Amino acid sequence: MKKLLLVMLFGALIFANVVQAAPFQNGDFETGDFTGWSGDLISTGTVDPDLDSHFSLVNVPGQTFQNSANVTNDNIDWIVTLYQDFTLDSLLGPGYTMDITFWIQWSPTDSTWDMLSATLSDTGYTNTVDLLSGVSDTDLLNGTWVTQDITSFAQTWGGQDVELAFTVTDWDWITPDSFTIDNISFNQHAPAAPVPEPATVLLLGSGLCGLAFTRKRKRD
Ligand SMILES: [Ca+2]
Ligand SMILES: [Ca+2]
């Protein structure tokens with residue numbers, strides 16, 4: 001009986017290890033909390049962002065959206081990450097593309113030394129997409145919408161567990177630095193309808209001309 005219990009327990013543990021993460025959730029924080037998200041602090045380790053003071057929900061002045069996530073570091077936890085592990089959707093079919101869109105604003109104390117990163121990785125970190133690639137510091141300081149194509153990442157990692165992470169790092173040791181993030185969504189786009197080849201259009205056009213010419217001649 002004890003043996004059976006042990007086997008059942010072992011089986012349950014194995015099952016717990018292979019269970020997949022949920023699809024991406026709460027990218028707009030409209031649950032009013034950090035449901036689906038985790039926090040990581042350099043000194044403390046993994047924390048529940050709902051229970052830790054480095055994470056809060058704010059309303060950004062001048063924006064129509066509400067409930068944005070604000071993440072702040074300090075002299076003890078000078079690297080702070082907000083992340084979500086989830087199962088990335090597979091591409092819906094050949095030719096489909098996928099992008100990620102979000103709104104982000106960075107408030108560093110020193111934009112030369114402080115650092116902000118946004119990444120999408122597989123859970124083994126063999127592939128990492130820099131989601132702030134091509135985004136200027138000026139835009140980040142003002143607050144900006146970002147859209148990045150992640151089609152090639154999705155071709156490899158669609159249907160598998162991945163990690164989306166936003167990290168604020170204090171390199172100048174003068175705190176606090178923070179960022180605000182909201183409206184994170186993954187979007188798929190169907191391939192564009194096939195456009196007729198120029199040769200086909202020309203052929204069709206000349207055919208119609210020919211038809212018009214024929215009719216005219218008949219009337220004559
Ligand atoms: Ca929101
Ligand atoms: Ca700083």
# chains A, B, ... in the order shown; residues from 1 in each chain; ligands from 1
>>> residues_near_ligand(ligand="ligand 1", cutoff="10 Å", atoms="only C-alpha atoms and all ligand atoms", output="PDB file with C-alpha atoms, in the first residue's frame")
ATOM      1  CA  ASN A  26      -3.328  39.657 -18.596  1.00  0.00           C
ATOM      2  CA  GLY A  27      -1.088  41.651 -20.962  1.00  0.00           C
ATOM      3  CA  ASP A  28      -3.114  44.790 -20.149  1.00  0.00           C
ATOM      4  CA  PHE A  29      -3.262  44.204 -16.366  1.00  0.00           C
ATOM      5  CA  GLU A  30      -7.016  44.770 -16.518  1.00  0.00           C
ATOM      6  CA  THR A  31      -7.515  42.118 -13.835  1.00  0.00           C
ATOM      7  CA  GLY A  32      -6.372  44.955 -11.550  1.00  0.00           C
ATOM      8  CA  ASP A  33      -3.441  42.850 -10.345  1.00  0.00           C
ATOM      9  CA  LEU A  57      -0.305  49.300 -10.873  1.00  0.00           C
ATOM     10  CA  VAL A  58      -0.511  52.952 -11.908  1.00  0.00           C
ATOM     11  CA  ASN A  59      -2.458  55.193 -14.286  1.00  0.00           C
ATOM     12  CA  VAL A  60      -0.144  57.053 -16.667  1.00  0.00           C
ATOM     13  CA  THR A  64      -6.508  56.834 -22.119  1.00  0.00           C
ATOM     14  CA  PHE A  65      -5.575  53.349 -20.893  1.00  0.00           C
ATOM     15  CA  GLN A  66      -5.459  52.495 -17.199  1.00  0.00           C
ATOM     16  CA  ASN A  67      -3.941  49.868 -14.886  1.00  0.00           C
ATOM     17  CA  SER A  68      -0.364  49.912 -16.149  1.00  0.00           C
ATOM     18  CA  ALA A  69       2.389  47.906 -14.464  1.00  0.00           C
ATOM     19  CA  TRP A 103       3.401  50.411 -24.635  1.00  0.00           C
ATOM     20  CA  ILE A 181       4.404  48.743 -19.250  1.00  0.00           C
ATOM     21  CA  ASP A 182       0.913  48.072 -20.591  1.00  0.00           C
ATOM     22  CA  ASN A 183      -1.189  46.716 -23.476  1.00  0.00           C
ATOM     23  CA  ILE A 184       1.056  43.769 -24.318  1.00  0.00           C
TER      24      ILE A 184
END
>>> residues_near_ligand(ligand="ligand 2", cutoff="7 Å", atoms="only C-alpha atoms and all ligand atoms", output="PyMOL selection string")
chain A and resi 108-110+114+170-177
>>> select_by_dssp(residues="range 23-181 of chain A", states="strand (DSSP E)", output="ChimeraX atom specification")
/A:38-41,45-47,55-58,68-72,79-87,97-107,115-122,128-130,144-149,161-169,178-181
>>> residues_around(residues="Val135 in chain A", least_positions_apart="3", cutoff="10 Å", atoms="only C-alpha atoms", output="list in words")
Leu131, Leu132, Thr138, Asp139, Leu140, Thr144, Trp145, Val146 and Thr147 of chain A
>>> write_last_selection(atoms="N, CA and C atoms", output="PDB file, in the first residue's frame")
ATOM      1  N   LEU A 131      13.328  42.906 -27.825  1.00  0.00           N
ATOM      2  CA  LEU A 131      12.083  43.581 -28.208  1.00  0.00           C
ATOM      3  C   LEU A 131      12.219  45.103 -28.215  1.00  0.00           C
ATOM      4  N   LEU A 132      13.367  45.619 -27.777  1.00  0.00           N
ATOM      5  CA  LEU A 132      13.588  47.066 -27.842  1.00  0.00           C
ATOM      6  C   LEU A 132      14.565  47.430 -28.971  1.00  0.00           C
ATOM      7  N   THR A 138      15.079  58.238 -26.479  1.00  0.00           N
ATOM      8  CA  THR A 138      14.145  59.373 -26.417  1.00  0.00           C
ATOM      9  C   THR A 138      12.705  58.875 -26.392  1.00  0.00           C
ATOM     10  N   ASP A 139      12.390  57.931 -27.276  1.00  0.00           N
ATOM     11  CA  ASP A 139      11.032  57.375 -27.294  1.00  0.00           C
ATOM     12  C   ASP A 139      10.716  56.659 -25.987  1.00  0.00           C
ATOM     13  N   LEU A 140      11.694  55.919 -25.461  1.00  0.00           N
ATOM     14  CA  LEU A 140      11.467  55.189 -24.207  1.00  0.00           C
ATOM     15  C   LEU A 140      11.222  56.153 -23.046  1.00  0.00           C
ATOM     16  N   THR A 144       6.320  55.058 -25.345  1.00  0.00           N
ATOM     17  CA  THR A 144       6.165  54.751 -26.766  1.00  0.00           C
ATOM     18  C   THR A 144       5.489  53.400 -26.990  1.00  0.00           C
ATOM     19  N   TRP A 145       4.783  53.301 -28.116  1.00  0.00           N
ATOM     20  CA  TRP A 145       4.263  52.007 -28.557  1.00  0.00           C
ATOM     21  C   TRP A 145       5.388  51.298 -29.313  1.00  0.00           C
ATOM     22  N   VAL A 146       5.510  50.008 -29.080  1.00  0.00           N
ATOM     23  CA  VAL A 146       6.533  49.203 -29.755  1.00  0.00           C
ATOM     24  C   VAL A 146       5.850  48.012 -30.420  1.00  0.00           C
ATOM     25  N   THR A 147       6.200  47.760 -31.686  1.00  0.00           N
ATOM     26  CA  THR A 147       5.741  46.544 -32.366  1.00  0.00           C
ATOM     27  C   THR A 147       6.959  45.860 -32.969  1.00  0.00           C
TER      28      THR A 147
END
>>> residues_around(residues="Asp89 in chain A", least_positions_apart="4", cutoff="9 Å", atoms="only C-alpha atoms", output="list in words")
Pro23, Phe24, Ala154, Trp157, Gly158, Gly159, Gln160 and Phe186 of chain A
>>> closest_residue(among="A:Asp137, A:Asp74, A:Asp99, A:Asp50", to="Thr151 in chain A", atoms="only C-alpha atoms")
A:Asp99
>>> closest_residue(among="A:Asp161, A:Trp113, A:Gly39, A:Ser107", to="Tyr125 in chain A", atoms="only C-alpha atoms")
A:Asp161
>>> atom_distance(atom1="CA of Val47 in chain A", atom2="CA of Val80 in chain A")
10.3 Å
>>> atom_distance(atom1="CA of Asn70 in chain A", atom2="CA of Asp149 in chain A")
24.8 Å
>>> residues_around(residues="Phe166 in chain A", least_positions_apart="5", cutoff="7 Å", atoms="only C-alpha atoms", output="ChimeraX atom specification")
/A:81-83,117-119
>>> atom_distance(atom1="CA of Val71 in chain A", atom2="CA of Thr123 in chain A")
22.3 Å
>>> closest_residue(among="A:Thr87, A:Gln25, A:Asn187, A:Asn127", to="Thr156 in chain A", atoms="only C-alpha atoms")
A:Asn127
